[in-house]
>>> print(open('start.cif').read())   # mmCIF, C-alpha atoms
data_my_file
#
loop_
_atom_site.group_PDB
_atom_site.id
_atom_site.type_symbol
_atom_site.label_atom_id
_atom_site.label_comp_id
_atom_site.auth_asym_id
_atom_site.auth_seq_id
_atom_site.Cartn_x
_atom_site.Cartn_y
_atom_site.Cartn_z
ATOM 1 C CA MET A 959 57.506 115.767 98.548
ATOM 2 C CA ARG A 960 59.643 115.435 101.621
ATOM 3 C CA THR A 961 63.096 113.784 101.553
ATOM 4 C CA HIS A 962 64.101 111.672 104.514
ATOM 5 C CA LEU A 963 67.665 112.484 105.640
ATOM 6 C CA THR A 964 69.345 109.254 106.661
ATOM 7 C CA PRO A 965 72.780 109.357 108.299
ATOM 8 C CA ALA A 966 74.288 108.101 105.025
ATOM 9 C CA ARG A 967 72.687 110.939 103.023
ATOM 10 C CA VAL A 968 73.932 113.492 105.536
ATOM 11 C CA ALA A 969 77.463 112.026 105.303
ATOM 12 C CA PHE A 970 77.393 112.087 101.490
ATOM 13 C CA ALA A 971 76.158 115.686 101.478
ATOM 14 C CA ALA A 972 78.882 116.756 103.915
ATOM 15 C CA ALA A 973 81.543 114.978 101.843
ATOM 16 C CA GLY A 974 80.278 116.708 98.712
ATOM 17 C CA LEU A 975 80.523 120.121 100.354
ATOM 18 C CA LEU A 976 84.047 119.425 101.573
ATOM 19 C CA LEU A 977 85.144 118.253 98.131
ATOM 20 C CA ALA A 978 83.639 121.333 96.529
ATOM 21 C CA ALA A 979 85.472 123.620 98.959
ATOM 22 C CA ALA A 980 88.815 121.793 98.761
ATOM 23 C CA PRO A 981 90.057 123.318 95.477
ATOM 24 C CA ALA A 982 89.380 126.811 96.777
ATOM 25 C CA ALA A 983 91.142 126.099 100.061
ATOM 26 C CA TYR A 984 94.191 124.526 98.445
ATOM 27 C CA GLY A 985 94.254 127.174 95.751
ATOM 28 C CA THR A 986 95.007 129.802 98.364
ATOM 29 C CA LEU A 987 98.250 128.028 99.278
ATOM 30 C CA GLY A 988 99.755 128.378 95.802
ATOM 31 C CA GLY A 989 103.297 129.693 95.772
ATOM 32 C CA ASP A 990 102.684 131.973 98.750
ATOM 33 C CA VAL A 991 103.572 129.373 101.382
ATOM 34 C CA PRO A 992 106.412 130.782 103.494
ATOM 35 C CA ARG A 993 109.629 128.759 103.306
ATOM 36 C CA ARG A 994 111.224 128.533 106.709
ATOM 37 C CA GLY A 995 114.477 126.962 107.718
ATOM 38 C CA ASN A 996 117.325 125.569 105.690
ATOM 39 C CA PRO A 997 117.516 122.905 102.993
ATOM 40 C CA TYR A 998 117.727 119.417 104.450
ATOM 41 C CA VAL A 999 117.414 115.852 103.240
ATOM 42 C CA GLU A 1000 114.852 113.680 105.019
ATOM 43 C CA THR A 1001 115.648 109.971 104.850
ATOM 44 C CA HIS A 1002 113.220 107.254 105.925
ATOM 45 C CA LEU A 1003 114.593 103.765 106.511
ATOM 46 C CA PHE A 1004 112.261 100.780 106.890
ATOM 47 C CA PHE A 1005 113.492 97.855 108.980
ATOM 48 C CA GLY A 1006 111.580 94.594 109.032
ATOM 49 C CA THR A 1007 111.854 92.301 112.033
ATOM 50 C CA ALA A 1008 110.863 88.868 110.675
ATOM 51 C CA ARG A 1009 113.780 86.607 109.841
ATOM 52 C CA PRO A 1010 113.750 84.898 106.451
ATOM 53 C CA ASP A 1011 115.142 81.712 108.004
ATOM 54 C CA GLY A 1012 112.185 81.501 110.403
ATOM 55 C CA GLY A 1013 114.277 82.430 113.439
ATOM 56 C CA PRO A 1014 112.980 84.674 116.214
ATOM 57 C CA ALA A 1015 111.948 88.183 115.153
ATOM 58 C CA VAL A 1016 114.222 91.104 115.948
ATOM 59 C CA SER A 1017 113.174 92.278 119.416
ATOM 60 C CA GLU A 1018 112.645 95.865 120.488
ATOM 61 C CA ARG A 1019 115.745 95.633 122.689
ATOM 62 C CA GLN A 1020 117.839 94.311 119.782
ATOM 63 C CA PHE A 1021 116.621 97.115 117.534
ATOM 64 C CA THR A 1022 117.278 99.777 120.182
ATOM 65 C CA ASN A 1023 120.792 98.417 120.718
ATOM 66 C CA PHE A 1024 121.349 98.466 116.949
ATOM 67 C CA VAL A 1025 120.287 102.134 116.764
ATOM 68 C CA ASP A 1026 122.517 103.034 119.707
ATOM 69 C CA ARG A 1027 125.516 101.232 118.202
ATOM 70 C CA GLU A 1028 125.126 101.814 114.440
ATOM 71 C CA VAL A 1029 122.988 104.942 113.945
ATOM 72 C CA THR A 1030 123.488 107.381 116.812
ATOM 73 C CA PRO A 1031 127.280 107.773 116.375
ATOM 74 C CA GLY A 1032 126.798 108.931 112.773
ATOM 75 C CA PHE A 1033 123.703 111.044 113.475
ATOM 76 C CA PRO A 1034 124.190 112.433 116.998
ATOM 77 C CA ASP A 1035 122.061 115.543 116.346
ATOM 78 C CA GLY A 1036 118.866 113.522 116.453
ATOM 79 C CA LEU A 1037 116.630 110.949 114.831
ATOM 80 C CA THR A 1038 113.125 109.538 115.138
ATOM 81 C CA VAL A 1039 112.084 105.894 115.401
ATOM 82 C CA GLN A 1040 108.488 104.836 114.880
ATOM 83 C CA SER A 1041 107.053 101.357 115.376
ATOM 84 C CA GLY A 1042 104.771 99.979 112.748
ATOM 85 C CA ARG A 1043 103.341 97.016 110.916
ATOM 86 C CA GLY A 1044 104.336 96.565 107.330
ATOM 87 C CA GLN A 1045 104.256 94.231 104.420
ATOM 88 C CA TRP A 1046 106.278 93.702 101.276
ATOM 89 C CA ARG A 1047 106.828 91.102 98.589
ATOM 90 C CA ASP A 1048 110.063 89.179 99.164
ATOM 91 C CA ALA A 1049 112.458 87.814 96.522
ATOM 92 C CA HIS A 1050 110.377 84.624 96.282
ATOM 93 C CA GLY A 1051 107.142 86.532 95.582
ATOM 94 C CA VAL A 1052 105.702 85.889 99.040
ATOM 95 C CA ILE A 1053 103.935 88.771 100.779
ATOM 96 C CA GLU A 1054 105.506 89.110 104.196
ATOM 97 C CA LYS A 1055 103.606 90.876 107.001
ATOM 98 C CA GLU A 1056 105.674 91.873 109.976
ATOM 99 C CA ARG A 1057 106.344 94.266 112.803
ATOM 100 C CA SER A 1058 108.676 96.978 111.577
ATOM 101 C CA TYR A 1059 110.488 100.164 112.466
ATOM 102 C CA GLU A 1060 110.770 103.408 110.542
ATOM 103 C CA LEU A 1061 113.877 105.478 111.205
ATOM 104 C CA ILE A 1062 113.725 109.126 110.137
ATOM 105 C CA LEU A 1063 116.904 111.146 109.703
ATOM 106 C CA LEU A 1064 117.217 114.852 108.839
ATOM 107 C CA TYR A 1065 120.558 116.225 107.742
ATOM 108 C CA PRO A 1066 121.711 119.358 105.917
ATOM 109 C CA VAL A 1067 122.013 119.117 102.145
ATOM 110 C CA ALA A 1068 125.653 120.161 102.562
ATOM 111 C CA ALA A 1069 126.245 116.911 104.503
ATOM 112 C CA ALA A 1070 124.427 114.669 102.004
ATOM 113 C CA ASP A 1071 127.515 112.874 100.662
ATOM 114 C CA VAL A 1072 128.839 111.919 104.093
ATOM 115 C CA SER A 1073 125.357 111.056 105.368
ATOM 116 C CA ASP A 1074 124.648 108.886 102.323
ATOM 117 C CA ARG A 1075 127.726 106.741 103.050
ATOM 118 C CA ARG A 1076 126.720 106.407 106.703
ATOM 119 C CA ILE A 1077 123.154 105.436 105.780
ATOM 120 C CA GLU A 1078 124.351 102.754 103.366
ATOM 121 C CA GLU A 1079 126.611 101.384 106.118
ATOM 122 C CA ILE A 1080 123.590 101.275 108.477
ATOM 123 C CA ARG A 1081 121.506 99.399 105.892
ATOM 124 C CA ALA A 1082 124.281 96.880 105.270
ATOM 125 C CA ALA A 1083 124.907 96.379 108.999
ATOM 126 C CA TYR A 1084 121.212 95.651 109.672
ATOM 127 C CA ARG A 1085 120.940 93.206 106.768
ATOM 128 C CA THR A 1086 124.003 91.363 108.044
ATOM 129 C CA ALA A 1087 123.191 91.460 111.769
ATOM 130 C CA PHE A 1088 119.596 90.242 111.382
ATOM 131 C CA ALA A 1089 119.737 88.209 108.137
ATOM 132 C CA GLN A 1090 117.447 90.625 106.318
ATOM 133 C CA GLU A 1091 116.851 90.638 102.585
ATOM 134 C CA ALA A 1092 116.495 94.424 102.415
ATOM 135 C CA VAL A 1093 116.174 97.697 104.307
ATOM 136 C CA GLY A 1094 113.928 100.165 102.466
ATOM 137 C CA ARG A 1095 115.075 103.735 101.897
ATOM 138 C CA VAL A 1096 113.195 106.873 100.820
ATOM 139 C CA ASP A 1097 114.885 110.284 100.460
ATOM 140 C CA GLU A 1098 113.041 113.597 100.181
ATOM 141 C CA GLN A 1099 113.968 117.261 100.073
ATOM 142 C CA ALA A 1100 112.882 119.209 103.136
ATOM 143 C CA GLN A 1101 113.080 122.621 104.772
ATOM 144 C CA ALA A 1102 113.886 122.391 108.465
ATOM 145 C CA ASP A 1103 114.245 124.897 111.270
ATOM 146 C CA PHE A 1104 115.154 124.023 114.854
#
>>> encode(input="start.cif", output="structure tokens")
Amino acid sequence: MRTHLTPARVAFAAAGLLLAAAPAAYGTLGGDVPRRGNPYVETHLFFGTARPDGGPAVSERQFTNFVDREVTPGFPDGLTVQSGRGQWRDAHGVIEKERSYELILLYPVAAADVSDRRIEEIRAAYRTAFAQEAVGRVDEQAQADF
């Protein structure tokens, strides 16, 4: 009996082989991954652009000016801004979909206390300047080398 290989069957077979090989591939990483660089904190801030009062969305120029004025002075060594589309549930239970920005900051663990204060000032300034309900924040440990 001959089996007909449809594109779907080929895709499922390939996926099965990859899944079978994955544990072996990841198992080789184990604790032997070289650690390069120094301990840093990586902070991601999420800025929405829709205004709760229905006013005009925060423009790219407004956001860039905000970063230049409020972020760069406290983090002159560098930062990354990425544009995105996001959604979240607001205080009234409504799912809001909007254009957004992600700001990524890396700073040495030794500077975490000072950086934390600066980041909270940035979050407060954005909420006030653009009538935002929140600015999301995620902190992670990182190893960085430049």
>>> resolve_selection(input="start.cif", expression="the PyMOL selection byres ((chain A and resi 1067) around 10)", output="ChimeraX atom specification")
/A:996-1000,1064-1066,1068-1071,1073,1099-1101
>>> residues_around(input="start.cif", residues="Thr1001 (chain A)", least_positions_apart="3", cutoff="9 Å", atoms="all atoms listed in the file", output="list in words")
Leu1061, Ile1062, Leu1063, Leu1064, Tyr1065, Ile1077, Arg1095, Val1096, Asp1097, Glu1098 and Gln1099 of chain A
>>> atom_distance(input="start.cif", atom1="CA of Phe1021 (chain A)", atom2="CA of Arg1075 (chain A)")
20.6 Å
>>> atom_distance(input="start.cif", atom1="CA of Arg1076 (chain A)", atom2="CA of Val1029 (chain A)")
8.3 Å
>>> residues_around(input="start.cif", residues="region 1084-1089 of chain A", least_positions_apart="5", cutoff="12 Å", atoms="all atoms listed in the file", output="count of residues only")
29
>>> atom_distance(input="start.cif", atom1="CA of Val1072 (chain A)", atom2="CA of Ala1102 (chain A)")
18.8 Å
>>> resolve_selection(input="start.cif", expression="the PyMOL selection byres ((chain A and resi 1037-1048) around 7)", output="VMD selection string")
chain A and resid 1036 1049 to 1063
>>> closest_residue(input="start.cif", among="A:Glu1091, A:Asp1074, A:Asp1035, A:Asp1103", to="Arg994 (chain A)", atoms="all atoms listed in the file")
A:Asp1103
